[in-house]
>>> print(open('upload_38.txt').read())   # compact mmCIF, C-alpha atoms
# COMPACT_ATOMS: atom_id res chain seq x y z
CA MET E 90 16.01 -46.67 -47.85
CA THR E 91 12.40 -46.25 -48.80
CA ASP E 92 11.19 -43.90 -46.10
CA THR E 93 13.43 -40.99 -45.20
CA THR E 94 10.76 -38.84 -43.58
CA ASP E 95 12.14 -38.99 -40.07
CA ARG E 96 15.69 -38.46 -41.11
CA ALA E 97 14.72 -35.65 -43.45
CA ALA E 98 12.83 -33.97 -40.63
CA LEU E 99 16.01 -33.93 -38.60
CA GLU E 100 18.10 -32.40 -41.34
CA PRO E 101 18.62 -28.66 -41.17
CA ALA E 102 15.80 -26.97 -43.10
CA ALA E 103 17.76 -23.81 -43.79
CA ALA E 104 21.00 -22.11 -42.77
CA PRO E 105 22.62 -25.40 -41.83
CA ARG E 106 25.03 -25.30 -38.91
CA THR E 107 27.93 -27.44 -37.97
CA PRO E 108 26.66 -30.50 -36.13
CA ARG E 109 27.65 -30.64 -32.48
CA ALA E 110 30.67 -32.77 -31.89
CA GLY E 111 29.54 -36.10 -30.52
CA ALA E 112 25.95 -35.80 -31.71
CA ARG E 113 24.36 -39.23 -31.81
CA ARG E 114 24.56 -41.14 -35.11
CA GLY E 115 21.21 -41.22 -36.87
CA ARG E 116 20.22 -37.84 -35.43
CA PRO E 117 22.41 -35.57 -37.44
CA GLY E 118 22.80 -31.96 -36.37
CA TYR E 119 21.04 -31.58 -33.08
CA ASP E 120 20.17 -33.40 -29.93
CA GLN E 121 17.76 -32.39 -27.19
CA ASP E 122 20.46 -30.61 -25.14
CA GLU E 123 21.27 -28.32 -28.02
CA ILE E 124 17.60 -27.56 -28.67
CA VAL E 125 17.09 -26.77 -24.98
CA ARG E 126 20.18 -24.57 -24.95
CA VAL E 127 18.99 -22.46 -27.89
CA ALA E 128 15.39 -22.35 -26.58
CA THR E 129 16.65 -21.14 -23.18
CA ASP E 130 18.54 -18.35 -24.87
CA LEU E 131 15.51 -17.31 -26.96
CA PHE E 132 13.15 -17.42 -23.96
CA THR E 133 15.57 -15.22 -22.01
CA ARG E 134 16.00 -12.73 -24.84
CA HIS E 135 12.41 -12.43 -26.05
CA GLY E 136 10.34 -13.78 -23.17
CA TYR E 137 8.63 -17.18 -23.14
CA GLU E 138 5.35 -16.03 -24.63
CA ALA E 139 6.95 -14.06 -27.45
CA THR E 140 9.08 -17.06 -28.48
CA SER E 141 7.47 -19.53 -30.88
CA ILE E 142 8.57 -22.99 -31.95
CA GLY E 143 8.83 -21.44 -35.41
CA MET E 144 11.43 -18.94 -34.15
CA LEU E 145 13.33 -21.77 -32.50
CA ALA E 146 13.20 -23.84 -35.68
CA SER E 147 14.51 -20.94 -37.69
CA GLU E 148 17.29 -20.24 -35.16
CA LEU E 149 18.36 -23.89 -35.24
CA GLY E 150 17.87 -24.30 -38.97
CA LEU E 151 15.47 -27.20 -38.34
CA THR E 152 11.86 -27.83 -39.25
CA LYS E 153 9.22 -27.52 -36.54
CA SER E 154 8.48 -31.23 -36.84
CA ALA E 155 12.15 -32.00 -36.19
CA ILE E 156 11.87 -30.09 -32.93
CA TYR E 157 8.68 -31.92 -31.96
CA HIS E 158 10.57 -35.15 -32.57
CA HIS E 159 12.76 -34.20 -29.57
CA VAL E 160 10.33 -32.38 -27.26
CA ALA E 161 6.60 -32.66 -26.74
CA SER E 162 5.79 -28.95 -26.51
CA LYS E 163 7.07 -25.43 -25.95
CA GLU E 164 6.12 -25.81 -22.31
CA ALA E 165 8.29 -28.92 -22.01
CA LEU E 166 11.15 -26.86 -23.42
CA LEU E 167 10.66 -24.28 -20.68
CA ARG E 168 10.32 -26.86 -17.94
CA ILE E 169 13.72 -28.44 -18.56
CA PRO E 170 15.90 -25.35 -17.87
CA LEU E 171 13.65 -24.15 -15.03
CA ASP E 172 13.89 -27.51 -13.29
CA ARG E 173 17.64 -27.49 -13.76
CA ALA E 174 17.98 -23.97 -12.30
CA LEU E 175 15.69 -24.65 -9.35
CA HIS E 176 17.32 -27.98 -8.60
CA ALA E 177 20.74 -26.31 -8.55
CA LEU E 178 19.52 -23.58 -6.18
CA GLU E 179 17.75 -26.04 -3.92
CA GLN E 180 20.84 -28.23 -3.80
CA SER E 181 22.87 -25.27 -2.59
CA LEU E 182 20.79 -25.30 0.61
CA GLU E 183 22.30 -28.73 1.28
CA ALA E 184 25.72 -27.10 1.45
CA GLY E 185 24.59 -25.43 4.69
CA ARG E 186 23.59 -28.71 6.35
CA PRO E 187 25.64 -31.57 7.83
CA PRO E 188 27.65 -33.36 6.59
CA HIS E 189 28.68 -30.39 4.42
CA VAL E 190 29.12 -28.23 7.52
CA PRO E 191 29.99 -29.52 11.03
CA ASP E 192 27.04 -30.52 13.21
CA ASN E 193 27.80 -27.59 15.50
CA ALA E 194 28.15 -25.01 12.70
CA THR E 195 26.74 -21.60 13.58
CA ALA E 196 23.97 -20.01 11.51
CA GLY E 197 26.62 -17.63 10.16
CA GLN E 198 28.80 -20.51 8.96
CA ARG E 199 25.76 -22.08 7.33
CA VAL E 200 24.92 -18.81 5.57
CA GLU E 201 28.49 -18.61 4.27
CA ALA E 202 28.29 -22.14 2.91
CA VAL E 203 24.91 -21.54 1.26
CA VAL E 204 25.98 -18.21 -0.28
CA HIS E 205 29.09 -19.86 -1.71
CA ALA E 206 27.12 -22.79 -3.11
CA THR E 207 24.40 -20.51 -4.53
CA ALA E 208 26.96 -18.34 -6.32
CA LEU E 209 28.56 -21.48 -7.79
CA ALA E 210 25.14 -22.83 -8.80
CA LEU E 211 24.39 -19.60 -10.66
CA ILE E 212 27.66 -19.79 -12.54
CA GLU E 213 27.33 -23.50 -13.34
CA GLU E 214 23.74 -23.11 -14.54
CA LEU E 215 24.08 -19.55 -15.81
CA PRO E 216 21.67 -19.68 -18.80
CA SER E 217 18.99 -21.60 -16.87
CA VAL E 218 19.17 -19.38 -13.79
CA THR E 219 19.18 -16.25 -15.96
CA LEU E 220 15.96 -17.48 -17.57
CA LEU E 221 14.46 -18.24 -14.14
CA LEU E 222 15.31 -14.77 -12.80
CA ARG E 223 13.73 -13.04 -15.80
CA LEU E 224 10.43 -14.93 -15.84
CA ARG E 225 7.41 -12.69 -16.17
CA GLY E 226 4.89 -15.08 -14.67
CA ASN E 227 2.38 -15.01 -17.51
CA THR E 228 1.77 -18.77 -17.56
CA PRO E 229 1.05 -21.32 -14.80
CA LEU E 230 4.42 -23.05 -15.33
CA GLU E 231 6.26 -19.74 -14.95
CA ARG E 232 4.31 -18.91 -11.81
CA GLU E 233 5.00 -22.36 -10.37
CA ALA E 234 8.74 -21.89 -10.97
CA MET E 235 8.64 -18.42 -9.41
CA GLU E 236 6.90 -19.84 -6.36
CA ARG E 237 9.58 -22.55 -6.03
CA ARG E 238 12.21 -19.82 -6.27
CA ARG E 239 10.45 -17.81 -3.56
CA ALA E 240 10.45 -20.91 -1.34
CA PHE E 241 14.23 -21.07 -1.80
CA ASP E 242 14.51 -17.37 -0.96
CA ARG E 243 12.48 -17.95 2.19
CA GLU E 244 14.84 -20.70 3.34
CA VAL E 245 17.83 -18.40 2.94
CA THR E 246 15.97 -15.58 4.70
CA ALA E 247 15.24 -17.94 7.61
CA LEU E 248 18.92 -18.77 7.84
CA VAL E 249 19.88 -15.07 7.97
CA GLU E 250 17.17 -14.53 10.59
CA ALA E 251 18.74 -17.35 12.59
CA CYS E 252 22.05 -15.44 12.45
CA ALA E 253 20.27 -12.39 13.82
CA ALA E 254 18.70 -14.45 16.61
CA ASP E 255 22.14 -15.86 17.50
CA GLY E 256 23.65 -12.36 17.64
CA GLU E 257 25.84 -13.07 14.61
CA LEU E 258 24.66 -10.03 12.58
CA ALA E 259 26.11 -6.56 12.97
CA ASP E 260 23.98 -3.99 14.80
CA GLY E 261 21.27 -2.42 12.71
CA ILE E 262 21.23 -5.14 10.03
CA ASN E 263 17.60 -5.95 9.20
CA PRO E 264 17.84 -9.65 8.28
CA ARG E 265 14.99 -9.67 5.74
CA ILE E 266 16.20 -6.63 3.84
CA ALA E 267 19.82 -7.73 4.14
CA THR E 268 18.80 -11.02 2.48
CA ARG E 269 17.23 -9.07 -0.39
CA LEU E 270 20.49 -7.18 -0.83
CA LEU E 271 22.40 -10.45 -0.64
CA PHE E 272 20.30 -11.90 -3.45
CA GLY E 273 20.74 -8.68 -5.41
CA MET E 274 24.48 -9.24 -5.21
CA ILE E 275 24.36 -12.96 -6.01
CA ASN E 276 21.81 -12.66 -8.81
CA SER E 277 23.80 -9.87 -10.46
CA ILE E 278 26.23 -12.62 -11.47
CA THR E 279 23.82 -13.40 -14.32
CA GLU E 280 24.26 -9.81 -15.56
CA TRP E 281 28.03 -9.61 -15.71
CA TYR E 282 29.70 -13.03 -15.38
CA ARG E 283 31.16 -14.40 -18.55
CA PRO E 284 33.08 -17.71 -18.60
CA GLY E 285 36.75 -17.07 -19.28
CA GLY E 286 36.79 -13.76 -17.38
CA PRO E 287 39.52 -12.73 -14.93
CA LEU E 288 38.12 -14.85 -12.06
CA ASP E 289 37.06 -18.47 -12.20
CA ALA E 290 33.79 -19.67 -10.67
CA ASP E 291 35.32 -20.55 -7.33
CA ALA E 292 37.09 -17.20 -7.00
CA VAL E 293 33.86 -15.36 -7.79
CA ALA E 294 32.00 -17.41 -5.17
CA ASP E 295 34.74 -16.65 -2.61
CA LEU E 296 34.46 -12.93 -3.41
CA VAL E 297 30.67 -13.02 -3.04
CA VAL E 298 31.04 -14.66 0.38
CA ALA E 299 33.68 -12.11 1.46
CA MET E 300 31.47 -9.19 0.37
CA ALA E 301 28.35 -10.75 1.92
CA MET E 302 29.94 -11.39 5.30
CA HIS E 303 32.45 -8.54 5.66
CA GLY E 304 31.94 -6.03 2.84
CA LEU E 305 34.57 -4.05 0.95
CA ARG E 306 36.53 -3.17 4.08
CA GLY E 307 36.59 -6.61 5.64
CA ARG E 308 36.56 -7.46 9.29
CA MET A 158 -17.55 28.45 -27.33
CA THR A 159 -17.28 27.82 -31.05
CA ASP A 160 -14.16 25.65 -31.21
CA THR A 161 -13.79 22.94 -28.60
CA THR A 162 -11.32 20.80 -30.54
CA ASP A 163 -8.38 21.28 -28.21
CA ARG A 164 -10.40 20.87 -25.09
CA ALA A 165 -12.21 17.87 -26.49
CA ALA A 166 -8.88 16.30 -27.36
CA LEU A 167 -7.85 16.56 -23.72
CA GLU A 168 -11.01 14.97 -22.39
CA PRO A 169 -10.83 11.30 -21.60
CA ALA A 170 -11.78 9.33 -24.71
CA ALA A 171 -12.84 6.24 -22.78
CA ALA A 172 -12.70 4.78 -19.28
CA PRO A 173 -12.47 8.25 -17.70
CA ARG A 174 -10.36 8.52 -14.59
CA THR A 175 -10.39 10.89 -11.68
CA PRO A 176 -8.42 14.00 -12.62
CA ARG A 177 -5.19 14.43 -10.68
CA ALA A 178 -5.62 16.76 -7.75
CA GLY A 179 -4.18 20.14 -8.68
CA ALA A 180 -4.24 19.51 -12.44
CA ARG A 181 -4.04 22.82 -14.23
CA ARG A 182 -7.34 24.51 -15.11
CA GLY A 183 -8.05 24.34 -18.81
CA ARG A 184 -6.26 20.97 -19.09
CA PRO A 185 -8.71 18.71 -17.39
CA GLY A 186 -7.67 15.20 -16.54
CA TYR A 187 -3.96 14.93 -17.24
CA ASP A 188 -0.80 16.94 -17.33
CA GLN A 189 2.54 15.99 -18.80
CA ASP A 190 3.84 14.52 -15.52
CA GLU A 191 0.99 12.07 -15.36
CA ILE A 192 1.45 11.05 -18.99
CA VAL A 193 5.18 10.50 -18.39
CA ARG A 194 4.44 8.50 -15.25
CA VAL A 195 2.09 6.12 -17.05
CA ALA A 196 4.38 5.90 -20.11
CA THR A 197 7.34 5.02 -17.87
CA ASP A 198 5.34 2.22 -16.31
CA LEU A 199 4.26 0.85 -19.71
CA PHE A 200 7.81 1.05 -21.13
CA THR A 201 9.10 -0.86 -18.10
CA ARG A 202 6.42 -3.53 -18.30
CA HIS A 203 6.30 -4.12 -22.05
CA GLY A 204 9.59 -2.68 -23.31
CA TYR A 205 9.90 0.61 -25.20
CA GLU A 206 9.49 -0.85 -28.68
CA ALA A 207 6.43 -2.93 -27.78
CA THR A 208 4.67 0.10 -26.26
CA SER A 209 2.68 2.28 -28.68
CA ILE A 210 1.16 5.71 -28.21
CA GLY A 211 -2.15 3.93 -28.79
CA MET A 212 -1.54 1.68 -25.77
CA LEU A 213 -0.66 4.73 -23.70
CA ALA A 214 -3.79 6.57 -24.89
CA SER A 215 -5.91 3.58 -23.98
CA GLU A 216 -4.26 3.24 -20.54
CA LEU A 217 -4.85 6.94 -19.82
CA GLY A 218 -8.31 7.04 -21.38
CA LEU A 219 -7.17 9.83 -23.73
CA THR A 220 -7.05 10.19 -27.50
CA LYS A 221 -3.67 9.92 -29.21
CA SER A 222 -3.99 13.56 -30.31
CA ALA A 223 -4.43 14.59 -26.67
CA ILE A 224 -1.12 12.92 -25.87
CA TYR A 225 0.62 14.62 -28.80
CA HIS A 226 -0.69 17.91 -27.40
CA HIS A 227 1.61 17.31 -24.41
CA VAL A 228 4.60 15.52 -25.91
CA ALA A 229 6.15 15.61 -29.38
CA SER A 230 6.82 11.90 -29.80
CA LYS A 231 7.19 8.51 -28.15
CA GLU A 232 10.93 9.11 -28.06
CA ALA A 233 10.40 12.37 -26.14
CA LEU A 234 8.36 10.36 -23.64
CA LEU A 235 11.27 7.98 -23.14
CA ARG A 236 13.85 10.75 -22.92
CA ILE A 237 12.19 12.46 -19.94
CA PRO A 238 12.39 9.57 -17.43
CA LEU A 239 15.82 8.45 -18.67
CA ASP A 240 17.22 11.97 -18.22
CA ARG A 241 15.71 12.12 -14.78
CA ALA A 242 17.20 8.76 -13.76
CA LEU A 243 20.65 9.52 -15.17
CA HIS A 244 20.70 12.99 -13.67
CA ALA A 245 19.85 11.54 -10.24
CA LEU A 246 22.64 8.92 -10.52
CA GLU A 247 25.18 11.46 -11.78
CA GLN A 248 24.27 13.82 -8.96
CA SER A 249 25.02 11.10 -6.45
CA LEU A 250 28.68 11.25 -7.52
CA GLU A 251 28.68 14.82 -6.18
CA ALA A 252 27.94 13.40 -2.73
CA GLY A 253 31.46 11.94 -2.76
CA ARG A 254 33.15 15.27 -3.49
CA PRO A 255 33.80 18.34 -1.33
CA PRO A 256 31.93 20.17 0.10
CA HIS A 257 29.74 17.09 0.69
CA VAL A 258 32.71 15.21 2.16
CA PRO A 259 35.73 16.82 3.87
CA ASP A 260 38.62 17.84 1.60
CA ASN A 261 40.76 15.14 3.19
CA ALA A 262 38.12 12.36 2.94
CA THR A 263 39.58 8.95 2.10
CA ALA A 264 38.48 7.05 -1.01
CA GLY A 265 36.59 4.73 1.36
CA GLN A 266 34.63 7.62 2.85
CA ARG A 267 33.85 8.89 -0.64
CA VAL A 268 32.61 5.43 -1.67
CA GLU A 269 30.35 5.34 1.40
CA ALA A 270 28.90 8.75 0.53
CA VAL A 271 28.32 7.80 -3.12
CA VAL A 272 26.75 4.43 -2.25
CA HIS A 273 24.39 6.15 0.19
CA ALA A 274 23.43 8.84 -2.34
CA THR A 275 22.99 6.29 -5.15
CA ALA A 276 20.67 4.15 -3.03
CA LEU A 277 18.63 7.27 -2.17
CA ALA A 278 18.56 8.33 -5.84
CA LEU A 279 17.19 4.91 -6.81
CA ILE A 280 14.44 5.14 -4.24
CA GLU A 281 13.54 8.74 -5.07
CA GLU A 282 13.44 8.06 -8.82
CA LEU A 283 12.36 4.43 -8.55
CA PRO A 284 10.18 4.20 -11.71
CA SER A 285 12.68 6.09 -13.89
CA VAL A 286 15.70 4.14 -12.67
CA THR A 287 13.80 0.86 -13.03
CA LEU A 288 13.12 1.76 -16.66
CA LEU A 289 16.79 2.69 -17.19
CA LEU A 290 18.02 -0.61 -15.73
CA ARG A 291 15.70 -2.67 -17.95
CA LEU A 292 16.50 -0.99 -21.25
CA ARG A 293 17.17 -3.40 -24.07
CA GLY A 294 19.20 -1.05 -26.25
CA ASN A 295 17.20 -1.49 -29.44
CA THR A 296 17.11 2.23 -30.34
CA PRO A 297 19.83 4.93 -30.45
CA LEU A 298 18.25 6.81 -27.52
CA GLU A 299 18.27 3.65 -25.38
CA ARG A 300 21.89 2.96 -26.29
CA GLU A 301 22.86 6.55 -25.49
CA ALA A 302 21.25 6.25 -22.05
CA MET A 303 22.97 2.90 -21.44
CA GLU A 304 26.31 4.46 -22.36
CA ARG A 305 25.69 7.34 -19.92
CA ARG A 306 24.86 4.76 -17.26
CA ARG A 307 28.08 2.86 -18.01
CA ALA A 308 30.03 6.13 -17.63
CA PHE A 309 28.48 6.48 -14.17
CA ASP A 310 29.42 2.87 -13.35
CA ARG A 311 33.00 3.57 -14.45
CA GLU A 312 33.24 6.55 -12.08
CA VAL A 313 32.15 4.41 -9.16
CA THR A 314 34.54 1.63 -10.22
CA ALA A 315 37.39 4.17 -10.29
CA LEU A 316 36.50 5.22 -6.76
CA VAL A 317 36.57 1.61 -5.52
CA GLU A 318 39.89 1.12 -7.32
CA ALA A 319 41.19 4.19 -5.48
CA CYS A 320 40.21 2.46 -2.21
CA ALA A 321 42.22 -0.57 -3.28
CA ALA A 322 45.22 1.62 -4.17
CA ASP A 323 45.00 3.29 -0.75
CA GLY A 324 44.90 -0.09 1.03
CA GLU A 325 41.32 0.49 2.20
CA LEU A 326 39.93 -2.76 0.76
CA ALA A 327 40.07 -6.09 2.52
CA ASP A 328 42.59 -8.62 1.21
CA GLY A 329 41.46 -10.51 -1.84
CA ILE A 330 38.74 -8.04 -2.86
CA ASN A 331 38.96 -7.51 -6.63
CA PRO A 332 37.76 -3.89 -6.95
CA ARG A 333 36.15 -4.23 -10.38
CA ILE A 334 34.17 -7.33 -9.52
CA ALA A 335 33.36 -6.00 -6.06
CA THR A 336 31.87 -2.91 -7.77
CA ARG A 337 29.69 -5.17 -9.91
CA LEU A 338 28.44 -6.90 -6.77
CA LEU A 339 27.89 -3.51 -5.16
CA PHE A 340 25.72 -2.42 -8.08
CA GLY A 341 23.90 -5.75 -7.95
CA MET A 342 23.00 -4.96 -4.37
CA ILE A 343 22.04 -1.34 -5.00
CA ASN A 344 20.11 -2.02 -8.21
CA SER A 345 18.13 -4.80 -6.55
CA ILE A 346 16.30 -2.00 -4.74
CA THR A 347 14.22 -1.59 -7.91
CA GLU A 348 13.12 -5.23 -7.53
CA TRP A 349 11.89 -5.21 -3.97
CA TYR A 350 11.54 -1.70 -2.55
CA ARG A 351 7.99 -0.50 -2.13
CA PRO A 352 7.22 2.90 -0.59
CA GLY A 353 5.56 2.46 2.79
CA GLY A 354 7.53 -0.69 3.63
CA PRO A 355 9.17 -1.36 7.00
CA LEU A 356 12.20 0.87 6.31
CA ASP A 357 12.14 4.43 4.95
CA ALA A 358 14.48 5.54 2.17
CA ASP A 359 17.19 6.76 4.50
CA ALA A 360 17.19 3.56 6.56
CA VAL A 361 17.48 1.47 3.38
CA ALA A 362 20.39 3.62 2.18
CA ASP A 363 22.09 3.21 5.59
CA LEU A 364 21.63 -0.56 5.39
CA VAL A 365 23.07 -0.67 1.87
CA VAL A 366 26.14 1.26 3.05
CA ALA A 367 26.55 -1.04 6.08
CA MET A 368 26.33 -4.15 3.89
CA ALA A 369 28.62 -2.67 1.22
CA MET A 370 31.37 -1.68 3.65
CA HIS A 371 31.15 -4.33 6.39
CA GLY A 372 28.73 -7.08 5.28
CA LEU A 373 26.32 -9.05 7.43
CA ARG A 374 28.79 -9.56 10.24
CA GLY A 375 30.04 -6.00 10.49
CA ARG A 376 33.49 -4.83 11.45
>>> encode(input="upload_38.txt", output="structure tokens")
Amino acid sequence: MTDTTDRAALEPAAAPRTPRAGARRGRPGYDQDEIVRVATDLFTRHGYEATSIGMLASELGLTKSAIYHHVASKEALLRIPLDRALHALEQSLEAGRPPHVPDNATAGQRVEAVVHATALALIEELPSVTLLLRLRGNTPLEREAMERRRAFDREVTALVEACAADGELADGINPRIATRLLFGMINSITEWYRPGGPLDADAVADLVVAMAMHGLRGR
Amino acid sequence: MTDTTDRAALEPAAAPRTPRAGARRGRPGYDQDEIVRVATDLFTRHGYEATSIGMLASELGLTKSAIYHHVASKEALLRIPLDRALHALEQSLEAGRPPHVPDNATAGQRVEAVVHATALALIEELPSVTLLLRLRGNTPLEREAMERRRAFDREVTALVEACAADGELADGINPRIATRLLFGMINSITEWYRPGGPLDADAVADLVVAMAMHGLRGR
């Protein structure tokens, strides 16, 4: 082997870690998923702007050039988890539409299905959604993601408003503010849910739906 | 007047602002409340550690020495809003005890009273509670405040567990996780409530109680 530059660039530069099981041959140590995972965590902890590729390199024990071998830029590293989070949330709207609910489902049944799917999406994409929810909006990409999230919020609000119009909400429930409270409840999952806790993802989603529709005391 | 040092130190150093109405004579421009208000806002936006007395001075248009005339240290400036927030939350536990509820109130009635009072406390002390909820725990004072907040959370959890023990919770409601969701709902007030919105503080607190106890669909 006469030129080992590329390979050397992919070797841990310091504080070597155990390579991920199943990492591709010829790219020892890290693949793009792993880099994105660690970047997501750093962006969430320190904020996107305060996180540098140098910090990421040091956290991964790689050189900066090794990271640029996998991703074009810091912005590209932010875009991947944000897209994943937003896609998961947007998909959960599908759960409230046929064929996932009957054609004649009421607005209330559709809200239940969407709340369940949104809670599951948060748990399945926990690190990405946590990052999305903590964005500060200092860069165009962040603001674009926040706008896409607001569009999702508006769709859910419209669904709760449809419940109100159909007489499916309790008296005195303001649909817009109730939707804010609903998101407060759902989004809190990113604050306290830890995989391996007493309830699995499906049980948590069921509990969120029960609380959203009928509260602590039930019907 | 031969020595104007103190007075000069209290004069705006740059970008002078309109003095607060009713500011005490002899302390033109700012009093401690105003300094705490602006510091609370900066701590919330930038984090406690990233906020310097210099940034605060520049935001207020005062010299640093003028600020130290009013408060002993940056830590003292953090302690004031955190104490205020924690005191307000702790007081809301009183709302669930006699004489604020009847001696024979059920655990469910006590939870309702505490949820209502906590929602009101958040709205009345919105900037201080927002700061408390966003603490990162990098200093002993922050960690002490977070521990006091966790003690409050535990008291509310115990009350919801008492509901469960008394058979006042709907089937399948895990009281600990339901309390997390409850706090997610209540704490979200700091994200979306703006004074002068469509609902006043009391109406928001009523809505939070309605959602907490009976959900969107009601009993």
>>> residues_near_point(input="upload_38.txt", point="(16.3, -20.3, -12.5)", cutoff="12 Å", atoms="all atoms listed in the file", output="NGL selection string")
:E and (129 or 133 or 167-179 or 207 or 210-224 or 231 or 233-239 or 241 or 276 or 279)
>>> closest_residue(input="upload_38.txt", among="E:Lys153, E:His135, E:Lys163, E:His189", to="chain A", atoms="only C-alpha atoms")
E:His135
>>> residues_around(input="upload_38.txt", residues="Ala292 (chain E)", least_positions_apart="6", cutoff="10 Å", atoms="only C-alpha atoms", output="list of chain:residue names")
E:His205, E:Leu209, E:Val298, A:Gly329, A:Asn331
>>> closest_residue(input="upload_38.txt", among="E:Pro284, E:Ala294, E:Leu270, E:Asp242", to="chain A", atoms="all atoms listed in the file")
E:Leu270
>>> closest_residue(input="upload_38.txt", among="E:Leu248, E:Ala196, E:Val125, E:Val293", to="chain A", atoms="all atoms listed in the file")
E:Val293
>>> interface_residues(input="upload_38.txt", of="chain E", to="chain A", cutoff="10 Å", atoms="only C-alpha atoms", output="mmCIF file with C-alpha atoms, in the frame of the given file")
data_model
loop_
_atom_site.group_PDB
_atom_site.id
_atom_site.type_symbol
_atom_site.label_atom_id
_atom_site.label_comp_id
_atom_site.auth_asym_id
_atom_site.auth_seq_id
_atom_site.Cartn_x
_atom_site.Cartn_y
_atom_site.Cartn_z
ATOM 1 C CA ARG E 134 16.000 -12.730 -24.840
ATOM 2 C CA GLY E 197 26.620 -17.630 10.160
ATOM 3 C CA ARG E 225 7.410 -12.690 -16.170
ATOM 4 C CA VAL E 249 19.880 -15.070 7.970
ATOM 5 C CA CYS E 252 22.050 -15.440 12.450
ATOM 6 C CA ALA E 253 20.270 -12.390 13.820
ATOM 7 C CA GLY E 256 23.650 -12.360 17.640
ATOM 8 C CA GLU E 257 25.840 -13.070 14.610
ATOM 9 C CA LEU E 258 24.660 -10.030 12.580
ATOM 10 C CA ALA E 259 26.110 -6.560 12.970
ATOM 11 C CA ASP E 260 23.980 -3.990 14.800
ATOM 12 C CA GLY E 261 21.270 -2.420 12.710
ATOM 13 C CA ILE E 262 21.230 -5.140 10.030
ATOM 14 C CA ASN E 263 17.600 -5.950 9.200
ATOM 15 C CA PRO E 264 17.840 -9.650 8.280
ATOM 16 C CA ILE E 266 16.200 -6.630 3.840
ATOM 17 C CA ALA E 267 19.820 -7.730 4.140
ATOM 18 C CA THR E 268 18.800 -11.020 2.480
ATOM 19 C CA ARG E 269 17.230 -9.070 -0.390
ATOM 20 C CA LEU E 270 20.490 -7.180 -0.830
ATOM 21 C CA LEU E 271 22.400 -10.450 -0.640
ATOM 22 C CA PHE E 272 20.300 -11.900 -3.450
ATOM 23 C CA GLY E 273 20.740 -8.680 -5.410
ATOM 24 C CA MET E 274 24.480 -9.240 -5.210
ATOM 25 C CA ILE E 275 24.360 -12.960 -6.010
ATOM 26 C CA ASN E 276 21.810 -12.660 -8.810
ATOM 27 C CA SER E 277 23.800 -9.870 -10.460
ATOM 28 C CA ILE E 278 26.230 -12.620 -11.470
ATOM 29 C CA THR E 279 23.820 -13.400 -14.320
ATOM 30 C CA GLU E 280 24.260 -9.810 -15.560
ATOM 31 C CA TRP E 281 28.030 -9.610 -15.710
ATOM 32 C CA TYR E 282 29.700 -13.030 -15.380
ATOM 33 C CA PRO E 287 39.520 -12.730 -14.930
ATOM 34 C CA LEU E 288 38.120 -14.850 -12.060
ATOM 35 C CA ALA E 292 37.090 -17.200 -7.000
ATOM 36 C CA VAL E 293 33.860 -15.360 -7.790
ATOM 37 C CA ASP E 295 34.740 -16.650 -2.610
ATOM 38 C CA LEU E 296 34.460 -12.930 -3.410
ATOM 39 C CA VAL E 297 30.670 -13.020 -3.040
ATOM 40 C CA VAL E 298 31.040 -14.660 0.380
ATOM 41 C CA ALA E 299 33.680 -12.110 1.460
ATOM 42 C CA MET E 300 31.470 -9.190 0.370
ATOM 43 C CA ALA E 301 28.350 -10.750 1.920
ATOM 44 C CA MET E 302 29.940 -11.390 5.300
ATOM 45 C CA HIS E 303 32.450 -8.540 5.660
ATOM 46 C CA GLY E 304 31.940 -6.030 2.840
ATOM 47 C CA LEU E 305 34.570 -4.050 0.950
ATOM 48 C CA ARG E 306 36.530 -3.170 4.080
ATOM 49 C CA GLY E 307 36.590 -6.610 5.640
ATOM 50 C CA ARG E 308 36.560 -7.460 9.290
#
>>> closest_residue(input="upload_38.txt", among="E:Ala128, E:Gly185, E:Ala165, E:Glu250", to="Leu149 (chain E)", atoms="all atoms listed in the file")
E:Ala128
>>> atom_distance(input="upload_38.txt", atom1="CA of Leu166 (chain E)", atom2="CA of Thr228 (chain E)")
13.7 Å
